[in-house]
Structures are given as structure tokens and as C-alpha cells.
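Engineer: One file: structure-v2.txt (compact mmCIF, C-alpha atoms).
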# COMPACT_ATOMS: atom_id res chain seq x y z
CA MET A 1 -33.75 -32.36 19.75
CA GLU A 2 -32.03 -35.73 19.72
CA LEU A 3 -28.79 -36.17 17.79
CA PHE A 4 -28.94 -39.95 17.58
CA ARG A 5 -31.50 -42.73 17.27
CA ILE A 6 -31.02 -45.16 20.12
CA SER A 7 -32.91 -48.38 20.89
CA ARG A 8 -32.44 -51.24 23.34
CA ASN A 9 -31.45 -54.80 22.53
CA VAL A 10 -32.97 -57.93 24.11
CA TRP A 11 -30.67 -57.52 27.14
CA GLY A 12 -31.83 -53.97 27.71
CA GLN A 13 -28.56 -52.43 26.54
CA GLU A 14 -28.69 -49.20 24.53
CA ILE A 15 -27.65 -49.61 20.89
CA LEU A 16 -26.93 -46.88 18.40
CA GLN A 17 -29.28 -46.90 15.40
CA GLY A 18 -27.95 -43.86 13.52
CA MET A 19 -28.47 -40.11 13.34
CA SER A 20 -31.78 -38.72 14.50
CA TRP A 21 -34.15 -37.91 11.65
CA ASP A 22 -35.12 -34.77 13.55
CA LEU A 23 -31.96 -33.38 11.96
CA LEU A 24 -33.38 -33.61 8.44
CA PRO A 25 -34.94 -30.11 8.55
CA VAL A 26 -31.75 -28.80 10.19
CA PHE A 27 -29.56 -29.82 7.27
CA PHE A 28 -32.18 -28.64 4.77
CA GLY A 29 -32.46 -25.36 6.66
CA ALA A 30 -28.68 -24.97 6.70
CA GLY A 31 -28.65 -25.26 2.90
CA ALA A 32 -31.47 -22.74 2.55
CA ALA A 33 -29.80 -20.35 5.01
CA PHE A 34 -26.50 -20.57 3.13
CA ILE A 35 -28.23 -19.81 -0.17
CA ILE A 36 -30.16 -16.84 1.25
CA CYS A 37 -27.06 -15.40 2.96
CA HIS A 38 -25.03 -15.74 -0.22
CA MET A 39 -27.74 -14.12 -2.34
CA ILE A 40 -27.96 -11.18 0.07
CA TYR A 41 -24.18 -10.87 0.09
CA ARG A 42 -24.02 -10.89 -3.72
CA TRP A 43 -26.84 -8.37 -4.08
CA LEU A 44 -25.72 -5.91 -1.44
CA PHE A 45 -22.07 -6.27 -0.56
CA ALA A 46 -19.99 -8.22 -3.09
CA PRO A 47 -17.65 -6.34 -5.44
CA LYS A 48 -19.33 -6.03 -8.81
CA ASP A 49 -16.45 -7.34 -10.93
CA GLU A 50 -17.22 -10.87 -11.95
CA VAL A 51 -14.79 -13.61 -10.98
CA ASP A 52 -15.14 -17.31 -10.32
CA ASP A 53 -15.43 -17.36 -6.59
CA GLU A 54 -17.81 -20.24 -6.14
CA CYS A 55 -18.31 -23.82 -7.12
CA MET B 1 -9.23 -30.72 -26.56
CA SER B 2 -11.75 -30.52 -29.35
CA VAL B 3 -12.66 -27.26 -30.99
CA GLU B 4 -15.73 -26.43 -33.04
CA GLU B 5 -16.35 -23.09 -34.71
CA PHE B 6 -19.42 -21.01 -35.38
CA SER B 7 -19.56 -19.29 -38.73
CA GLY B 8 -19.82 -15.51 -38.87
CA PRO B 9 -17.78 -12.41 -38.11
CA ASP B 10 -17.23 -13.29 -34.43
CA SER B 11 -16.35 -16.87 -35.17
CA ARG B 12 -13.12 -16.83 -33.16
CA ALA B 13 -14.73 -15.26 -30.08
CA TYR B 14 -17.54 -17.79 -30.15
CA GLN B 15 -15.49 -20.86 -30.92
CA LYS B 16 -16.79 -23.77 -28.90
CA LEU B 17 -14.06 -25.14 -26.67
CA ILE B 18 -14.82 -28.48 -25.10
CA ARG B 19 -14.64 -28.28 -21.29
CA HIS B 20 -16.26 -31.61 -20.50
CA THR B 21 -16.22 -34.62 -22.83
CA LEU B 22 -19.33 -36.74 -23.32
CA THR B 23 -17.91 -39.42 -21.01
CA ASP B 24 -17.39 -36.90 -18.21
CA ARG B 25 -20.88 -35.49 -18.67
CA LEU B 26 -22.47 -38.93 -18.63
CA PHE B 27 -20.51 -39.69 -15.46
CA HIS B 28 -21.64 -36.43 -13.82
CA TRP B 29 -25.33 -36.84 -14.64
CA GLY B 30 -25.25 -40.57 -13.87
CA THR B 31 -23.77 -39.77 -10.48
CA ALA B 32 -26.32 -37.00 -9.95
CA ALA B 33 -29.22 -39.33 -10.82
CA SER B 34 -28.01 -42.09 -8.52
CA VAL B 35 -27.38 -39.70 -5.62
CA LEU B 36 -30.86 -38.18 -6.03
CA ILE B 37 -32.44 -41.65 -6.15
CA LEU B 38 -30.46 -42.64 -3.05
CA LEU B 39 -31.51 -39.52 -1.15
CA GLY B 40 -35.14 -39.92 -2.28
CA THR B 41 -35.31 -43.57 -1.28
CA ALA B 42 -33.62 -42.72 2.03
CA PHE B 43 -35.66 -39.71 3.10
CA PHE B 44 -39.10 -39.92 1.43
CA PRO B 45 -40.11 -42.94 3.56
CA ILE B 46 -38.97 -41.05 6.68
CA MET B 47 -41.11 -38.11 5.59
CA GLY B 48 -44.14 -40.39 5.35
CA TRP B 49 -44.15 -41.54 1.72
CA GLU B 50 -44.23 -45.31 2.16
CA PHE B 51 -42.95 -47.49 -0.67
CA ALA B 52 -40.63 -50.47 -1.17
CA TRP B 53 -37.42 -48.46 -1.09
CA VAL B 54 -34.75 -50.97 0.00
CA SER B 55 -34.07 -52.65 -3.35
CA ILE B 56 -34.07 -49.36 -5.27
CA HIS B 57 -31.71 -47.90 -2.64
CA TRP B 58 -29.07 -50.61 -2.62
CA ILE B 59 -29.11 -51.10 -6.40
CA SER B 60 -28.66 -47.34 -6.88
CA GLY B 61 -25.85 -47.49 -4.32
CA ILE B 62 -24.06 -50.16 -6.32
CA VAL B 63 -24.54 -48.13 -9.52
CA LEU B 64 -23.03 -45.10 -7.74
CA THR B 65 -20.13 -47.21 -6.45
CA LEU B 66 -19.37 -48.49 -9.96
CA LEU B 67 -19.57 -44.97 -11.39
CA ILE B 68 -17.14 -43.64 -8.77
CA ALA B 69 -14.77 -46.56 -9.35
CA PHE B 70 -14.89 -45.83 -13.10
CA HIS B 71 -14.17 -42.14 -12.41
CA ILE B 72 -11.20 -42.92 -10.14
CA VAL B 73 -9.61 -45.18 -12.77
CA ARG B 74 -10.36 -42.78 -15.64
CA ALA B 75 -9.12 -39.70 -13.76
CA SER B 76 -5.98 -41.49 -12.62
CA PHE B 77 -4.85 -42.96 -15.93
CA TRP B 78 -6.65 -41.20 -18.80
CA GLN B 79 -7.14 -37.64 -17.57
CA ASP B 80 -5.04 -34.86 -16.11
CA ILE B 81 -5.47 -35.67 -12.42
CA TYR B 82 -3.44 -32.58 -11.50
CA SER B 83 -6.23 -30.33 -12.88
CA MET B 84 -7.98 -31.08 -9.56
CA TRP B 85 -4.83 -30.67 -7.46
CA VAL B 86 -4.78 -27.70 -5.06
CA SER B 87 -1.54 -25.88 -5.75
CA PHE B 88 0.23 -23.16 -3.80
CA GLU B 89 -0.92 -20.77 -6.54
CA ASP B 90 -4.55 -21.81 -5.89
CA LEU B 91 -4.18 -21.05 -2.19
CA LYS B 92 -2.61 -17.68 -2.93
CA ASN B 93 -5.44 -16.87 -5.34
CA GLY B 94 -7.93 -17.97 -2.70
CA ILE B 95 -6.45 -15.51 -0.21
CA ASP B 96 -6.47 -12.77 -2.85
CA LEU B 97 -10.11 -13.59 -3.61
CA ALA B 98 -11.07 -13.39 0.07
CA ARG B 99 -9.24 -10.06 0.45
CA TRP B 100 -10.97 -8.72 -2.67
CA ASN B 101 -14.39 -9.85 -1.48
CA LEU B 102 -13.78 -8.27 1.93
CA ARG B 103 -12.63 -5.09 0.16
CA LEU B 104 -9.18 -5.33 1.71
CA SER B 105 -7.72 -5.27 -1.78
CA GLU B 106 -8.86 -3.46 -4.92
CA ALA B 107 -7.11 -5.78 -7.35
CA PRO B 108 -9.38 -8.61 -8.56
CA PRO B 109 -7.78 -12.03 -8.11
CA ARG B 110 -6.28 -13.91 -11.05
CA THR B 111 -8.42 -16.31 -13.00
CA ALA B 112 -8.02 -20.02 -12.33
CA GLY B 113 -7.09 -22.98 -14.50
CA LYS B 114 -9.79 -25.42 -15.55
CA TYR B 115 -11.20 -25.47 -12.01
CA SER B 116 -11.27 -22.72 -9.38
CA LEU B 117 -10.12 -23.32 -5.82
CA ALA B 118 -13.76 -23.40 -4.67
CA GLN B 119 -14.59 -26.01 -7.31
CA LYS B 120 -11.63 -28.13 -6.22
CA LEU B 121 -12.58 -27.87 -2.56
CA ILE B 122 -16.22 -28.81 -3.18
CA HIS B 123 -14.97 -31.75 -5.26
CA TYR B 124 -12.84 -32.90 -2.31
CA LEU B 125 -15.76 -32.47 0.06
CA PHE B 126 -18.06 -34.49 -2.24
CA THR B 127 -15.30 -37.10 -2.53
CA LEU B 128 -15.08 -37.39 1.25
CA VAL B 129 -18.81 -37.41 1.98
CA VAL B 130 -19.85 -39.64 -0.93
CA GLY B 131 -16.87 -41.88 -0.15
CA ILE B 132 -18.03 -42.30 3.46
CA THR B 133 -21.59 -43.11 2.39
CA ILE B 134 -20.35 -45.59 -0.22
CA VAL B 135 -18.01 -47.45 2.14
CA THR B 136 -20.58 -47.61 4.95
CA GLY B 137 -23.35 -48.44 2.47
CA CYS B 138 -21.33 -51.32 1.03
CA LEU B 139 -20.79 -52.66 4.56
CA MET B 140 -24.55 -52.40 5.21
CA LEU B 141 -25.21 -54.58 2.15
CA VAL B 142 -24.21 -57.49 4.41
CA LYS B 143 -27.44 -56.96 6.35
CA ILE B 144 -29.82 -57.40 3.42
CA ASP B 145 -30.79 -60.45 1.38
CA THR B 146 -29.99 -60.30 -2.32
CA SER B 147 -29.81 -62.78 -5.18
CA TRP B 148 -26.09 -63.20 -4.51
CA TRP B 149 -25.83 -63.49 -0.73
CA GLU B 150 -27.90 -64.01 2.41
CA ARG B 151 -27.98 -61.42 5.13
CA ASP B 152 -25.65 -61.75 8.09
CA PRO B 153 -26.63 -59.22 10.78
CA TYR B 154 -23.99 -60.58 13.17
CA TRP B 155 -21.01 -59.96 10.90
CA LEU B 156 -19.99 -56.99 13.09
CA GLN B 157 -20.77 -56.10 16.70
CA GLU B 158 -23.77 -53.92 17.50
CA GLY B 159 -21.58 -50.99 18.54
CA THR B 160 -19.64 -51.13 15.28
CA TRP B 161 -22.87 -51.21 13.26
CA GLY B 162 -24.03 -48.17 15.22
CA ILE B 163 -20.98 -46.19 14.17
CA ILE B 164 -21.46 -47.30 10.55
CA TYR B 165 -25.11 -46.17 10.63
CA VAL B 166 -24.17 -42.79 12.13
CA LEU B 167 -21.52 -42.19 9.47
CA HIS B 168 -23.89 -43.26 6.68
CA ASP B 169 -26.74 -41.09 7.99
CA PHE B 170 -24.48 -38.09 8.62
CA GLY B 171 -23.07 -38.32 5.09
CA ALA B 172 -26.58 -38.54 3.63
CA LEU B 173 -27.79 -35.55 5.65
CA LEU B 174 -24.73 -33.52 4.70
CA LEU B 175 -25.30 -34.36 1.04
CA ILE B 176 -28.66 -32.57 1.21
CA THR B 177 -26.97 -29.32 2.26
CA MET B 178 -24.13 -29.76 -0.23
CA LEU B 179 -26.45 -30.55 -3.14
CA MET B 180 -28.57 -27.50 -2.40
CA ALA B 181 -25.46 -25.29 -2.49
CA HIS B 182 -24.14 -27.05 -5.61
CA VAL B 183 -27.40 -26.60 -7.53
CA TYR B 184 -27.69 -22.99 -6.32
CA PHE B 185 -24.27 -22.10 -7.70
CA ALA B 186 -24.99 -23.99 -10.92
CA LEU B 187 -28.08 -21.82 -11.44
CA ARG B 188 -26.46 -18.48 -10.61
CA PRO B 189 -26.34 -16.25 -13.71
CA GLU B 190 -22.56 -15.80 -13.64
CA LYS B 191 -22.08 -19.59 -13.44
CA LEU B 192 -24.46 -20.68 -16.19
CA HIS B 193 -21.63 -21.24 -18.66
CA PHE B 194 -20.26 -23.92 -16.32
CA THR B 195 -23.69 -25.56 -16.17
CA ARG B 196 -24.06 -25.36 -19.95
CA SER B 197 -20.65 -26.97 -20.34
CA MET B 198 -21.79 -29.82 -18.09
CA ILE B 199 -24.85 -30.29 -20.33
CA PHE B 200 -23.49 -29.66 -23.82
CA GLY B 201 -19.78 -29.88 -23.13
CA TRP B 202 -18.53 -26.54 -24.41
CA ILE B 203 -17.71 -22.98 -23.41
CA THR B 204 -16.98 -20.17 -25.83
CA ARG B 205 -13.53 -18.71 -26.33
CA VAL B 206 -14.76 -15.46 -24.77
CA GLU B 207 -15.78 -17.38 -21.64
CA TYR B 208 -12.51 -19.28 -21.64
CA GLU B 209 -10.47 -16.10 -21.79
CA LYS B 210 -12.63 -14.35 -19.20
CA HIS B 211 -12.80 -17.13 -16.60
CA HIS B 212 -9.67 -19.19 -17.09
CA ASP B 213 -5.92 -18.71 -17.06
CA PRO B 214 -4.60 -20.11 -20.35
CA SER B 215 -1.20 -20.73 -18.73
CA GLN B 216 -2.88 -23.16 -16.29
CA TRP B 217 -5.43 -24.70 -18.66
CA ARG B 218 -4.44 -24.79 -22.29
CA VAL B 219 -6.84 -25.56 -25.09
CA ASP B 220 -5.79 -26.68 -28.54
CA THR B 221 -6.77 -24.36 -31.33
CA ASP B 222 -6.56 -24.50 -35.08
Give the structure from the file, written as C-alpha cells.
Structural biologist:
Amino acid sequence: MELFRISRNVWGQEILQGMSWDLLPVFFGAGAAFIICHMIYRWLFAPKDEVDDEC
Amino acid sequence: MSVEEFSGPDSRAYQKLIRHTLTDRLFHWGTAASVLILLGTAFFPIMGWEFAWVSIHWISGIVLTLLIAFHIVRASFWQDIYSMWVSFEDLKNGIDLARWNLRLSEAPPRTAGKYSLAQKLIHYLFTLVVGITIVTGCLMLVKIDTSWWERDPYWLQEGTWGIIYVLHDFGALLLITMLMAHVYFALRPEKLHFTRSMIFGWITRVEYEKHHDPSQWRVDTD
């Protein structure tokens, strides 16, 4: 998986075009993984008293 | 702070205490709409949905920039900017909260002021990430033609543009993860009163006394 988008200019030099769009599912997956992990933690492990521990 | 009362035997417990004024709610939902439009116009074409996205994207970016500028001025001069300040007490409560969650302590942590430490930290993170995308996005406006200026792709060197693109893209990608977490917490059952207050403005006195420390966030009462 590439981290960056790179192209070449008219002189054949590499130029940075931005982040690779292959990372789109990675960031989406990271959000989904965080949500699933937090839900499992809350269901199974978290103390039951309710406090404001998240945003 | 405004106060509105229900009628009935539990009127005091269910007093409506205003947590977010109409201006703050309009700012929040205006920001949310512009960020969603920006993310949609950025990523839908990449995912294969072709449409003329550039104009919608940069106009939404300018709307977001103006909204953030309005918020900075309003928060600095017309609101209590220290309500978002991370104090030593916040950090201590954060440690207590972590210890309680890890079952290293049996005493639940103290309640927070208007905003919890987690809410303050996510606000700072949004400030940083949205700030980066706004600054880089404003610089990228130089490379498009508008009614007010002509594009100048040679304003900066290629290498500098590359760094600007990377920062802009990274901020946009990170916003996807952050928005997912933000919406998830907003929809959690124990957080719905916060979400309601961002829609209608108010929380009840019961919620205020349960979730907030009156010594850190005082509300006016009759």
C-alpha cells in the first residue's frame, strides 16, 4: 500500500501529489474498529456507574 | 444562562437549563454541514461518483472558514473561553477516570464543569485538524479560477505544494475517523442529553446535577 501519490513533472522529477487514496478505507476502518472496541469495552468490562468519560 | 420551567410536581427537577444558545447550535450544525459537504465532495469522486465537485468544495471551504473565524471571535470576546481550558483539576480528574475505568480505584471520578476533559481534548483535536485543512485549503484556492482571481499554479514551488497537499489530505482522512467517533459518542444512550442540548439547547436540572460540577459551571436559577 502506498502512503503518498507521486507523479513526475516534465523534467522527469518526482513530485508529491498528496496522500494515497488507498488510505481511505484505512481511516474508515480505524473509526469502525475504535467504535467496535469501545462498544465491547462498555458492554463487557466498563464499570457500570455512569460518568462522562467520552466526548 | 436562561432557564425555562416545566409545570407539574417535578418542575424543579425538570427545569430546562440552557447549555447551548441558538447561536452556538447554528454554528455547530453549520460547521457540521460544511464539513460533511467538504468530505463528500472530496471523497465521493475518488470512490467513483463523478460530478462537478470543485466549486461546491471551495465554496463550502470558504463557508467553513468564515464560520470558524466567527467562532474564534465570539468565543474570545463574548463567551467564557476558559470553559474550554484544560485545568490541572481536569487532568487530575482524567487520571482518576482512567484509574476507575481500569478498576484501580473504586471511587468514581468527580463530575466536570460544562465540558469534560475528553470533550475539551476532542475540541482541541478538531481545532488542530480542521485548522490545518482550512489553512492548506485556503492556500490551494490560489490554484483555481474564481470570479475574484485567476489561478496561479506557480505561486509556490512544486515541493511546497506537495507538502500542502499531504497536510490537506491527511487532515481530511483523519476527519473521517474523528467524525465517526464523534457521531458514535453523540448517539450513545448515556450521551443523548448532550446531543439533545446541541439540537434544542437545553438539559434538565437532574442532568445538570448528575453530569456537571456546579462549582465549575454555574447556572442562573430563579
Engineer: Determine the nearest neighbour of chain B from the options A:Ile36, A:Leu23, A:Leu16, A:Arg42, counting all atoms listed in the file.
Structural biologist: A:Leu16
Engineer: Using all atoms listed in the file and a cut-off of 10 Å, which residues of chain B sit close to chain A? Please list them as a PyMOL selection string.
Structural biologist: chain B and resi 43+46-47+94+97-98+100-103+106+108-112+115-123+158-170+172-186+188+190-191+194+210-212
Engineer: How big is the axis-aligned box, and where does its centre sit, when it encloses all atoms of region 28-35 of chain B listed in the file and has 8 Å added on every side, reported in Å to one decimal as AutoDock Vina command-line options?
Structural biologist:
--center_x -25.4 --center_y -39.3 --center_z -10.1 --size_x 23.6 --size_y 21.7 --size_z 25.0
Engineer: Env of region 26-38 of chain B: 10 Å cut, atoms = all atoms listed in the file, seq-sep filter 3 positions within chain, self excluded. Answer as a PyMOL selection string.
Structural biologist: chain B and resi 20-23+41-43+53-54+56-68+70-71+130+172+175-176+179+198-199
Engineer: Go ahead and compute the interatomic distance for CA of Gly113 (chain B) and CA of Phe126 (chain B), in Å to one decimal.
Structural biologist: 20.1 Å
